[in-house]
>>> print(open('query-v8.cif').read())   # mmCIF, C-alpha atoms
data_upload
loop_
_atom_site.group_PDB
_atom_site.id
_atom_site.type_symbol
_atom_site.label_atom_id
_atom_site.label_comp_id
_atom_site.auth_asym_id
_atom_site.auth_seq_id
_atom_site.Cartn_x
_atom_site.Cartn_y
_atom_site.Cartn_z
ATOM 1 C CA ASP Z 3 -4.168 1.691 18.706
ATOM 2 C CA THR Z 4 -6.256 4.841 18.147
ATOM 3 C CA ALA Z 5 -6.935 5.611 14.468
ATOM 4 C CA VAL Z 6 -7.645 9.336 14.806
ATOM 5 C CA SER Z 7 -6.460 11.013 17.969
ATOM 6 C CA GLN Z 8 -6.774 14.610 19.015
ATOM 7 C CA THR Z 9 -5.531 16.522 22.023
ATOM 8 C CA PRO Z 10 -6.509 17.936 24.365
ATOM 9 C CA LYS Z 11 -9.879 16.372 25.161
ATOM 10 C CA TYR Z 12 -10.958 19.367 27.228
ATOM 11 C CA LEU Z 13 -9.824 22.964 26.891
ATOM 12 C CA VAL Z 14 -11.007 25.798 29.119
ATOM 13 C CA THR Z 15 -9.629 29.221 28.369
ATOM 14 C CA GLN Z 16 -10.371 32.904 28.701
ATOM 15 C CA MET Z 17 -11.656 35.198 25.995
ATOM 16 C CA GLY Z 18 -8.917 36.713 23.896
ATOM 17 C CA ASN Z 19 -6.484 33.846 24.340
ATOM 18 C CA ASP Z 20 -4.914 31.848 21.520
ATOM 19 C CA LYS Z 21 -5.106 28.058 21.590
ATOM 20 C CA SER Z 22 -4.297 25.028 19.453
ATOM 21 C CA ILE Z 23 -5.816 21.586 19.047
ATOM 22 C CA LYS Z 24 -3.708 18.791 17.608
ATOM 23 C CA CYS Z 25 -4.861 15.856 15.472
ATOM 24 C CA GLU Z 26 -3.062 12.804 14.161
ATOM 25 C CA GLN Z 27 -4.286 9.841 12.106
ATOM 26 C CA ASN Z 28 -2.594 6.499 11.482
ATOM 27 C CA LEU Z 29 -5.038 5.213 8.856
ATOM 28 C CA GLY Z 30 -2.928 6.231 5.872
ATOM 29 C CA HIS Z 31 -5.657 8.610 4.704
ATOM 30 C CA ASP Z 32 -4.778 11.551 2.506
ATOM 31 C CA THR Z 33 -7.583 13.886 3.541
ATOM 32 C CA MET Z 34 -8.220 15.329 6.987
ATOM 33 C CA TYR Z 35 -10.996 17.555 8.296
ATOM 34 C CA TRP Z 36 -12.057 19.755 11.167
ATOM 35 C CA TYR Z 37 -15.717 19.770 12.173
ATOM 36 C CA LYS Z 38 -17.499 21.894 14.760
ATOM 37 C CA GLN Z 39 -20.444 20.619 16.798
ATOM 38 C CA ASP Z 40 -22.398 23.420 18.395
ATOM 39 C CA SER Z 41 -24.594 23.427 21.481
ATOM 40 C CA LYS Z 42 -27.527 22.145 19.426
ATOM 41 C CA LYS Z 43 -25.387 19.167 18.386
ATOM 42 C CA PHE Z 44 -25.276 20.227 14.723
ATOM 43 C CA LEU Z 45 -22.084 18.993 13.109
ATOM 44 C CA LYS Z 46 -20.622 21.235 10.421
ATOM 45 C CA ILE Z 47 -17.422 21.071 8.422
ATOM 46 C CA MET Z 48 -14.876 23.845 8.920
ATOM 47 C CA PHE Z 49 -11.873 22.782 6.852
ATOM 48 C CA SER Z 50 -10.501 19.909 4.872
ATOM 49 C CA TYR Z 51 -6.915 19.249 3.813
ATOM 50 C CA ASN Z 52 -5.858 16.962 0.985
ATOM 51 C CA ASN Z 53 -2.175 16.242 0.619
ATOM 52 C CA LYS Z 54 -1.359 19.281 2.768
ATOM 53 C CA GLU Z 55 -3.422 21.666 0.676
ATOM 54 C CA LEU Z 56 -6.570 23.388 1.865
ATOM 55 C CA ILE Z 57 -9.546 22.200 -0.134
ATOM 56 C CA ILE Z 58 -12.473 23.783 1.659
ATOM 57 C CA ASN Z 59 -12.633 26.803 3.827
ATOM 58 C CA GLU Z 60 -16.247 27.255 4.827
ATOM 59 C CA THR Z 61 -17.449 30.570 6.198
ATOM 60 C CA VAL Z 62 -15.224 30.299 9.213
ATOM 61 C CA PRO Z 63 -13.672 33.383 10.824
ATOM 62 C CA ASN Z 64 -10.043 33.876 9.861
ATOM 63 C CA ARG Z 65 -9.190 33.597 13.558
ATOM 64 C CA PHE Z 66 -9.278 29.874 12.845
ATOM 65 C CA SER Z 67 -6.345 28.518 10.885
ATOM 66 C CA PRO Z 68 -5.609 24.896 10.074
ATOM 67 C CA LYS Z 69 -2.002 23.824 9.745
ATOM 68 C CA SER Z 70 -0.805 20.505 8.381
ATOM 69 C CA PRO Z 71 2.893 19.613 8.752
ATOM 70 C CA ASP Z 72 2.292 16.331 6.896
ATOM 71 C CA LYS Z 73 -0.649 14.275 5.693
ATOM 72 C CA ALA Z 74 -0.975 12.451 9.025
ATOM 73 C CA HIS Z 75 -1.397 15.624 11.069
ATOM 74 C CA LEU Z 76 -3.847 18.530 10.960
ATOM 75 C CA ASN Z 77 -3.742 21.059 13.765
ATOM 76 C CA LEU Z 78 -6.247 23.829 14.425
ATOM 77 C CA HIS Z 79 -5.079 27.181 15.732
ATOM 78 C CA ILE Z 80 -7.586 29.649 17.114
ATOM 79 C CA ASN Z 81 -6.655 33.266 17.815
ATOM 80 C CA SER Z 82 -8.482 35.790 19.989
ATOM 81 C CA LEU Z 83 -10.997 33.305 21.315
ATOM 82 C CA GLU Z 84 -14.596 34.446 21.726
ATOM 83 C CA LEU Z 85 -17.449 33.108 23.848
ATOM 84 C CA GLY Z 86 -19.194 31.872 20.682
ATOM 85 C CA ASP Z 87 -16.265 29.606 19.885
ATOM 86 C CA SER Z 88 -17.322 27.305 22.713
ATOM 87 C CA ALA Z 89 -18.195 23.992 21.081
ATOM 88 C CA VAL Z 90 -16.873 20.496 20.492
ATOM 89 C CA TYR Z 91 -14.301 20.297 17.706
ATOM 90 C CA PHE Z 92 -13.783 16.997 15.901
ATOM 91 C CA CYS Z 93 -10.927 15.985 13.682
ATOM 92 C CA ALA Z 94 -11.612 13.348 11.016
ATOM 93 C CA SER Z 95 -9.817 11.658 8.147
ATOM 94 C CA SER Z 96 -10.755 9.781 4.983
ATOM 95 C CA ARG Z 97 -9.517 8.732 1.572
ATOM 96 C CA TRP Z 98 -9.878 11.197 -1.275
ATOM 97 C CA GLY Z 99 -12.747 10.643 -3.713
ATOM 98 C CA GLY Z 100 -14.356 7.604 -5.321
ATOM 99 C CA MET Z 101 -15.604 4.732 -3.237
ATOM 100 C CA ASN Z 102 -14.516 3.903 0.295
ATOM 101 C CA THR Z 103 -14.428 7.514 1.415
ATOM 102 C CA GLU Z 104 -15.660 6.715 4.909
ATOM 103 C CA ALA Z 105 -14.554 9.336 7.422
ATOM 104 C CA PHE Z 106 -13.377 8.379 10.888
ATOM 105 C CA PHE Z 107 -13.518 10.807 13.771
ATOM 106 C CA GLY Z 108 -11.304 11.611 16.706
ATOM 107 C CA GLN Z 109 -12.694 11.708 20.224
ATOM 108 C CA GLY Z 110 -13.357 15.439 20.105
ATOM 109 C CA THR Z 111 -12.081 18.484 21.974
ATOM 110 C CA ARG Z 112 -14.587 20.297 24.147
ATOM 111 C CA LEU Z 113 -13.579 23.958 24.088
ATOM 112 C CA THR Z 114 -15.063 26.257 26.698
ATOM 113 C CA VAL Z 115 -14.330 29.969 26.491
ATOM 114 C CA VAL Z 116 -15.035 31.914 29.676
ATOM 115 C CA GLN U 9 -27.137 24.973 -1.021
ATOM 116 C CA LYS U 10 -26.439 21.377 -0.100
ATOM 117 C CA GLU U 11 -28.709 20.250 2.693
ATOM 118 C CA VAL U 12 -29.467 17.029 4.517
ATOM 119 C CA GLU U 13 -32.773 16.702 6.339
ATOM 120 C CA GLN U 14 -33.679 14.346 9.170
ATOM 121 C CA ASN U 15 -36.530 14.186 11.626
ATOM 122 C CA SER U 16 -34.990 15.142 14.965
ATOM 123 C CA GLY U 17 -37.304 12.863 16.963
ATOM 124 C CA PRO U 18 -37.189 11.542 19.533
ATOM 125 C CA LEU U 19 -38.140 8.264 17.894
ATOM 126 C CA SER U 20 -39.232 5.724 20.474
ATOM 127 C CA VAL U 21 -39.154 2.026 19.539
ATOM 128 C CA PRO U 22 -39.802 -1.010 21.753
ATOM 129 C CA GLU U 23 -36.944 -3.414 22.335
ATOM 130 C CA GLY U 24 -36.833 -6.132 19.693
ATOM 131 C CA ALA U 25 -38.716 -4.093 17.084
ATOM 132 C CA ILE U 26 -37.402 -2.545 13.872
ATOM 133 C CA ALA U 27 -36.262 1.075 14.056
ATOM 134 C CA SER U 28 -36.568 3.020 10.810
ATOM 135 C CA LEU U 29 -34.597 6.214 10.317
ATOM 136 C CA ASN U 30 -34.978 8.439 7.283
ATOM 137 C CA CYS U 31 -32.999 11.139 5.543
ATOM 138 C CA THR U 32 -33.402 13.278 2.429
ATOM 139 C CA TYR U 33 -30.765 15.336 0.652
ATOM 140 C CA SER U 34 -30.962 18.292 -1.657
ATOM 141 C CA ASP U 35 -28.405 17.745 -4.401
ATOM 142 C CA ARG U 36 -28.615 15.016 -7.039
ATOM 143 C CA GLY U 37 -24.845 15.198 -7.506
ATOM 144 C CA SER U 38 -24.318 13.436 -4.183
ATOM 145 C CA GLN U 39 -22.068 10.422 -4.470
ATOM 146 C CA SER U 40 -21.580 8.897 -1.033
ATOM 147 C CA PHE U 41 -23.962 8.353 1.854
ATOM 148 C CA PHE U 42 -23.271 7.440 5.452
ATOM 149 C CA TRP U 43 -24.964 6.745 8.744
ATOM 150 C CA TYR U 44 -23.174 7.603 11.959
ATOM 151 C CA ARG U 45 -24.203 6.830 15.521
ATOM 152 C CA GLN U 46 -23.328 9.291 18.270
ATOM 153 C CA TYR U 47 -23.747 8.614 21.955
ATOM 154 C CA SER U 48 -24.000 11.609 24.266
ATOM 155 C CA GLY U 49 -20.553 13.085 24.888
ATOM 156 C CA LYS U 50 -18.872 10.816 22.328
ATOM 157 C CA SER U 51 -17.655 11.164 18.775
ATOM 158 C CA PRO U 52 -19.620 10.049 15.687
ATOM 159 C CA GLU U 53 -19.113 6.368 14.924
ATOM 160 C CA LEU U 54 -19.561 5.060 11.384
ATOM 161 C CA ILE U 55 -22.383 2.501 11.142
ATOM 162 C CA MET U 56 -22.979 2.123 7.418
ATOM 163 C CA SER U 57 -21.854 3.504 4.089
ATOM 164 C CA ILE U 58 -23.754 3.137 0.822
ATOM 165 C CA TYR U 59 -22.781 4.316 -2.637
ATOM 166 C CA SER U 60 -25.308 2.821 -5.089
ATOM 167 C CA ASN U 61 -29.074 2.418 -5.262
ATOM 168 C CA GLY U 62 -30.593 -0.455 -3.333
ATOM 169 C CA ASP U 63 -30.050 -2.099 0.004
ATOM 170 C CA LYS U 64 -26.883 -2.855 1.917
ATOM 171 C CA GLU U 65 -27.000 -5.113 4.954
ATOM 172 C CA ASP U 66 -24.491 -5.448 7.781
ATOM 173 C CA GLY U 67 -25.611 -7.497 10.756
ATOM 174 C CA ARG U 68 -28.733 -5.914 12.255
ATOM 175 C CA PHE U 69 -28.340 -2.790 10.105
ATOM 176 C CA THR U 70 -29.667 -2.206 6.583
ATOM 177 C CA ALA U 71 -29.049 0.986 4.645
ATOM 178 C CA GLN U 72 -31.300 1.819 1.714
ATOM 179 C CA LEU U 73 -30.556 4.349 -0.998
ATOM 180 C CA ASN U 74 -32.901 5.757 -3.637
ATOM 181 C CA LYS U 75 -31.085 8.405 -5.662
ATOM 182 C CA ALA U 76 -34.120 9.222 -7.807
ATOM 183 C CA SER U 77 -36.044 10.198 -4.674
ATOM 184 C CA GLN U 78 -32.924 11.607 -2.963
ATOM 185 C CA TYR U 79 -33.677 9.434 0.013
ATOM 186 C CA VAL U 80 -31.552 7.360 2.375
ATOM 187 C CA SER U 81 -32.796 5.207 5.223
ATOM 188 C CA LEU U 82 -31.395 3.031 7.989
ATOM 189 C CA LEU U 83 -33.223 0.043 9.432
ATOM 190 C CA ILE U 84 -32.145 -1.449 12.737
ATOM 191 C CA ARG U 85 -33.568 -4.920 13.340
ATOM 192 C CA ASP U 86 -34.024 -6.462 16.786
ATOM 193 C CA SER U 87 -33.444 -3.080 18.431
ATOM 194 C CA GLN U 88 -31.532 -3.144 21.700
ATOM 195 C CA PRO U 89 -31.402 -0.539 24.493
ATOM 196 C CA SER U 90 -27.729 -0.026 23.552
ATOM 197 C CA ASP U 91 -28.924 1.279 20.161
ATOM 198 C CA SER U 92 -30.352 4.336 21.927
ATOM 199 C CA ALA U 93 -28.327 7.232 20.507
ATOM 200 C CA THR U 94 -28.449 10.027 17.958
ATOM 201 C CA TYR U 95 -28.172 8.805 14.367
ATOM 202 C CA LEU U 96 -26.586 11.180 11.900
ATOM 203 C CA CYS U 97 -27.140 10.975 8.162
ATOM 204 C CA ALA U 98 -24.212 12.337 6.164
ATOM 205 C CA VAL U 99 -23.695 12.975 2.470
ATOM 206 C CA MET U 100 -20.512 13.593 0.519
ATOM 207 C CA TRP U 101 -20.647 15.348 -2.814
ATOM 208 C CA GLY U 102 -17.348 13.965 -4.011
ATOM 209 C CA GLY U 103 -13.630 14.583 -3.744
ATOM 210 C CA ALA U 104 -12.548 16.187 -0.515
ATOM 211 C CA ASP U 105 -15.779 18.107 -0.051
ATOM 212 C CA GLY U 106 -16.219 16.617 3.355
ATOM 213 C CA LEU U 107 -19.458 15.440 4.867
ATOM 214 C CA THR U 108 -22.660 17.422 5.116
ATOM 215 C CA PHE U 109 -24.610 16.179 8.106
ATOM 216 C CA GLY U 110 -28.266 16.216 8.974
ATOM 217 C CA LYS U 111 -29.195 17.390 12.442
ATOM 218 C CA GLY U 112 -29.624 13.836 13.634
ATOM 219 C CA THR U 113 -32.483 11.668 14.882
ATOM 220 C CA HIS U 114 -32.591 10.858 18.575
ATOM 221 C CA LEU U 115 -33.543 7.174 18.891
ATOM 222 C CA ILE U 116 -34.800 5.702 22.148
ATOM 223 C CA ILE U 117 -35.180 1.937 22.505
ATOM 224 C CA GLN U 118 -37.620 1.156 25.302
ATOM 225 C CA PRO U 119 -36.887 -2.046 27.298
#
>>> encode(input="query-v8.cif", output="structure tokens")
Amino acid sequence: DTAVSQTPKYLVTQMGNDKSIKCEQNLGHDTMYWYKQDSKKFLKIMFSYNNKELIINETVPNRFSPKSPDKAHLNLHINSLELGDSAVYFCASSRWGGMNTEAFFGQGTRLTVV
Amino acid sequence: QKEVEQNSGPLSVPEGAIASLNCTYSDRGSQSFFWYRQYSGKSPELIMSIYSNGDKEDGRFTAQLNKASQYVSLLIRDSQPSDSATYLCAVMWGGADGLTFGKGTHLIIQP
């Protein structure tokens, strides 16, 4: 039973298109995140959501928009895709604050923009 | 700026030896510290978490934290070829700040 699952695993699309990546967690966590891993394998946070409210919005283009229908789901919508958006996107979840804030990751979505 | 620094390697260790991975972080306000293992093409997998100064052991893995020196390390005893991967040090500064990752150390265990 997968703890954090995201779909699709692979996404190939043309420049200018709009796409979405879905994420679901069954760990009962109240905080979810989107991370981007670039071609140099550097993993960087994009967004986090706590109880359906955006907590962090790093310097990410506003073409990227996270949407959370409930605390178990955090989807990522990307408008007007650019070549530089090609990367692996990971969803993760954790508890909020204090101890035991370990984050668990989904299997990743490899986005290729052509 | 909150930063996490790791030696990118590769770090080559003979099978059966102890692998020692190191990490420093920039902000004394850091509260939570983690080591993740990532195999090529896979997602990061949590190996260890540590929240207070000292050592924490789990099987062949020992995490060490020294907040005064802003230093975290991971020791892998009896290294196995299956331990060959990239090890990511991650720091959380509290709340829902999310994790700040180092760039990872590529570990190679030589049979």
>>> residues_around(input="query-v8.cif", residues="Thr108 (chain U)", least_positions_apart="4", cutoff="12 Å", atoms="all atoms listed in the file", output="number ranges by chain")
Z: 37-38, 44-48, 60, 105; U: 9-13, 32-35, 38-44, 96-102, 104, 112
>>> closest_atom_pairs(input="query-v8.cif", of="chain U", to="chain Z", cutoff="8 Å", atoms="all atoms listed in the file", output="tab-separated table")
residue	atom	partner	partner_atom	distance
U:Ser40	CA	Z:Met101	CA	7.6
U:Phe42	CA	Z:Glu104	CA	7.7
U:Lys50	CA	Z:Gln109	CA	6.6
U:Ser51	CA	Z:Gln109	CA	5.2
U:Pro52	CA	Z:Phe107	CA	6.4
U:Glu53	CA	Z:Phe107	CA	7.2
U:Leu54	CA	Z:Phe106	CA	7.0
U:Ser57	CA	Z:Glu104	CA	7.0
U:Tyr59	CA	Z:Met101	CA	7.2
U:Gly102	CA	Z:Gly99	CA	5.7
U:Gly103	CA	Z:Gly99	CA	4.0
U:Ala104	CA	Z:Trp98	CA	5.7
U:Asp105	CA	Z:Ile58	CA	6.8
U:Gly106	CA	Z:Ser50	CA	6.8
U:Leu107	CA	Z:Ile47	CA	7.0
U:Thr108	CA	Z:Lys46	CA	6.8
U:Phe109	CA	Z:Leu45	CA	6.3
U:Gly110	CA	Z:Phe44	CA	7.6
U:Lys111	CA	Z:Phe44	CA	5.3
U:Gly112	CA	Z:Phe44	CA	7.8
>>> write_last_selection(input="query-v8.cif", atoms="C-alpha atoms", output="mmCIF file, in the coordinates of the input")
data_model
loop_
_atom_site.group_PDB
_atom_site.id
_atom_site.type_symbol
_atom_site.label_atom_id
_atom_site.label_comp_id
_atom_site.auth_asym_id
_atom_site.auth_seq_id
_atom_site.Cartn_x
_atom_site.Cartn_y
_atom_site.Cartn_z
ATOM 1 C CA SER U 40 -21.580 8.897 -1.033
ATOM 2 C CA PHE U 42 -23.271 7.440 5.452
ATOM 3 C CA LYS U 50 -18.872 10.816 22.328
ATOM 4 C CA SER U 51 -17.655 11.164 18.775
ATOM 5 C CA PRO U 52 -19.620 10.049 15.687
ATOM 6 C CA GLU U 53 -19.113 6.368 14.924
ATOM 7 C CA LEU U 54 -19.561 5.060 11.384
ATOM 8 C CA SER U 57 -21.854 3.504 4.089
ATOM 9 C CA TYR U 59 -22.781 4.316 -2.637
ATOM 10 C CA GLY U 102 -17.348 13.965 -4.011
ATOM 11 C CA GLY U 103 -13.630 14.583 -3.744
ATOM 12 C CA ALA U 104 -12.548 16.187 -0.515
ATOM 13 C CA ASP U 105 -15.779 18.107 -0.051
ATOM 14 C CA GLY U 106 -16.219 16.617 3.355
ATOM 15 C CA LEU U 107 -19.458 15.440 4.867
ATOM 16 C CA THR U 108 -22.660 17.422 5.116
ATOM 17 C CA PHE U 109 -24.610 16.179 8.106
ATOM 18 C CA GLY U 110 -28.266 16.216 8.974
ATOM 19 C CA LYS U 111 -29.195 17.390 12.442
ATOM 20 C CA GLY U 112 -29.624 13.836 13.634
#
>>> resolve_selection(input="query-v8.cif", expression="the PyMOL selection byres ((chain U and resi 15-24) around 7)", output="PyMOL selection string")
chain U and resi 13-14+25-27+86-89+111-119
>>> atom_distance(input="query-v8.cif", atom1="CA of Ser7 (chain Z)", atom2="CA of Gln39 (chain Z)")
17.0 Å
>>> atom_distance(input="query-v8.cif", atom1="CA of Val62 (chain Z)", atom2="CA of Gln46 (chain U)")
24.3 Å
>>> resolve_selection(input="query-v8.cif", expression="the PyMOL selection byres ((chain Z and resi 24) around 7)", output="list in words")
Gln8, Thr9, Ser22, Ile23, Cys25, Glu26, Leu76, Asn77 and Leu78 of chain Z
>>> write_last_selection(input="query-v8.cif", atoms="C-alpha atoms", output="PDB file, keeping the file's coordinate frame")
ATOM      1  CA  GLN Z   8      -6.774  14.610  19.015  1.00  0.00           C
ATOM      2  CA  THR Z   9      -5.531  16.522  22.023  1.00  0.00           C
ATOM      3  CA  SER Z  22      -4.297  25.028  19.453  1.00  0.00           C
ATOM      4  CA  ILE Z  23      -5.816  21.586  19.047  1.00  0.00           C
ATOM      5  CA  CYS Z  25      -4.861  15.856  15.472  1.00  0.00           C
ATOM      6  CA  GLU Z  26      -3.062  12.804  14.161  1.00  0.00           C
ATOM      7  CA  LEU Z  76      -3.847  18.530  10.960  1.00  0.00           C
ATOM      8  CA  ASN Z  77      -3.742  21.059  13.765  1.00  0.00           C
ATOM      9  CA  LEU Z  78      -6.247  23.829  14.425  1.00  0.00           C
TER      10      LEU Z  78
END
>>> residues_around(input="query-v8.cif", residues="region 14-16 of chain Z", least_positions_apart="3", cutoff="7 Å", atoms="only C-alpha atoms", output="NGL selection string")
:Z and (19 or 113-116)
>>> write_last_selection(input="query-v8.cif", atoms="C-alpha atoms", output="mmCIF file, keeping the file's coordinate frame")
data_model
loop_
_atom_site.group_PDB
_atom_site.id
_atom_site.type_symbol
_atom_site.label_atom_id
_atom_site.label_comp_id
_atom_site.auth_asym_id
_atom_site.auth_seq_id
_atom_site.Cartn_x
_atom_site.Cartn_y
_atom_site.Cartn_z
ATOM 1 C CA ASN Z 19 -6.484 33.846 24.340
ATOM 2 C CA LEU Z 113 -13.579 23.958 24.088
ATOM 3 C CA THR Z 114 -15.063 26.257 26.698
ATOM 4 C CA VAL Z 115 -14.330 29.969 26.491
ATOM 5 C CA VAL Z 116 -15.035 31.914 29.676
#
>>> resolve_selection(input="query-v8.cif", expression="the PyMOL selection byres ((chain U and resi 71) around 8)", output="list of chain:residue names")
U:Met56, U:Ser57, U:Ile58, U:Asp63, U:Lys64, U:Glu65, U:Phe69, U:Thr70, U:Gln72, U:Leu73, U:Val80, U:Ser81, U:Leu82, U:Leu83
>>> atom_distance(input="query-v8.cif", atom1="CA of Ala76 (chain U)", atom2="CA of Asn61 (chain U)")
8.8 Å
>>> axis_aligned_box(input="query-v8.cif", around="region 44-54 of chain Z", padding_each_side="5 Å", output="AutoDock Vina command-line options")
--center_x -13.3 --center_y 20.0 --center_z 7.7 --size_x 33.9 --size_y 17.6 --size_z 24.1
>>> decode(input="query-v8.cif", residues="region 15-46 of chain Z", atoms="C-alpha atoms", output="PDB file, in the first residue's frame")
ATOM      1  CA  THR Z  15       4.835  17.311 -23.624  1.00  0.00           C
ATOM      2  CA  GLN Z  16       5.424  20.180 -26.001  1.00  0.00           C
ATOM      3  CA  MET Z  17       6.398  23.706 -25.080  1.00  0.00           C
ATOM      4  CA  GLY Z  18       3.445  25.925 -24.333  1.00  0.00           C
ATOM      5  CA  ASN Z  19       1.189  23.138 -23.115  1.00  0.00           C
ATOM      6  CA  ASP Z  20      -0.485  23.005 -19.710  1.00  0.00           C
ATOM      7  CA  LYS Z  21      -0.109  19.894 -17.569  1.00  0.00           C
ATOM      8  CA  SER Z  22      -0.926  18.589 -14.101  1.00  0.00           C
ATOM      9  CA  ILE Z  23       0.721  16.141 -11.731  1.00  0.00           C
ATOM     10  CA  LYS Z  24      -1.351  14.521  -9.008  1.00  0.00           C
ATOM     11  CA  CYS Z  25      -0.217  13.451  -5.534  1.00  0.00           C
ATOM     12  CA  GLU Z  26      -1.960  11.574  -2.758  1.00  0.00           C
ATOM     13  CA  GLN Z  27      -0.750  10.440   0.670  1.00  0.00           C
ATOM     14  CA  ASN Z  28      -2.322   7.940   3.058  1.00  0.00           C
ATOM     15  CA  LEU Z  29      -0.017   8.599   6.021  1.00  0.00           C
ATOM     16  CA  GLY Z  30      -2.385  10.972   7.797  1.00  0.00           C
ATOM     17  CA  HIS Z  31       0.136  13.802   7.460  1.00  0.00           C
ATOM     18  CA  ASP Z  32      -1.040  17.388   7.524  1.00  0.00           C
ATOM     19  CA  THR Z  33       1.719  18.922   5.419  1.00  0.00           C
ATOM     20  CA  MET Z  34       2.536  18.168   1.796  1.00  0.00           C
ATOM     21  CA  TYR Z  35       5.291  19.454  -0.470  1.00  0.00           C
ATOM     22  CA  TRP Z  36       6.453  19.682  -4.049  1.00  0.00           C
ATOM     23  CA  TYR Z  37      10.171  19.411  -4.760  1.00  0.00           C
ATOM     24  CA  LYS Z  38      12.034  19.799  -8.041  1.00  0.00           C
ATOM     25  CA  GLN Z  39      15.177  17.828  -8.871  1.00  0.00           C
ATOM     26  CA  ASP Z  40      17.106  19.349 -11.731  1.00  0.00           C
ATOM     27  CA  SER Z  41      19.518  17.759 -14.181  1.00  0.00           C
ATOM     28  CA  LYS Z  42      22.351  18.132 -11.670  1.00  0.00           C
ATOM     29  CA  LYS Z  43      20.286  16.132  -9.168  1.00  0.00           C
ATOM     30  CA  PHE Z  44      19.858  19.091  -6.799  1.00  0.00           C
ATOM     31  CA  LEU Z  45      16.619  18.756  -4.871  1.00  0.00           C
ATOM     32  CA  LYS Z  46      14.861  22.008  -4.023  1.00  0.00           C
TER      33      LYS Z  46
END
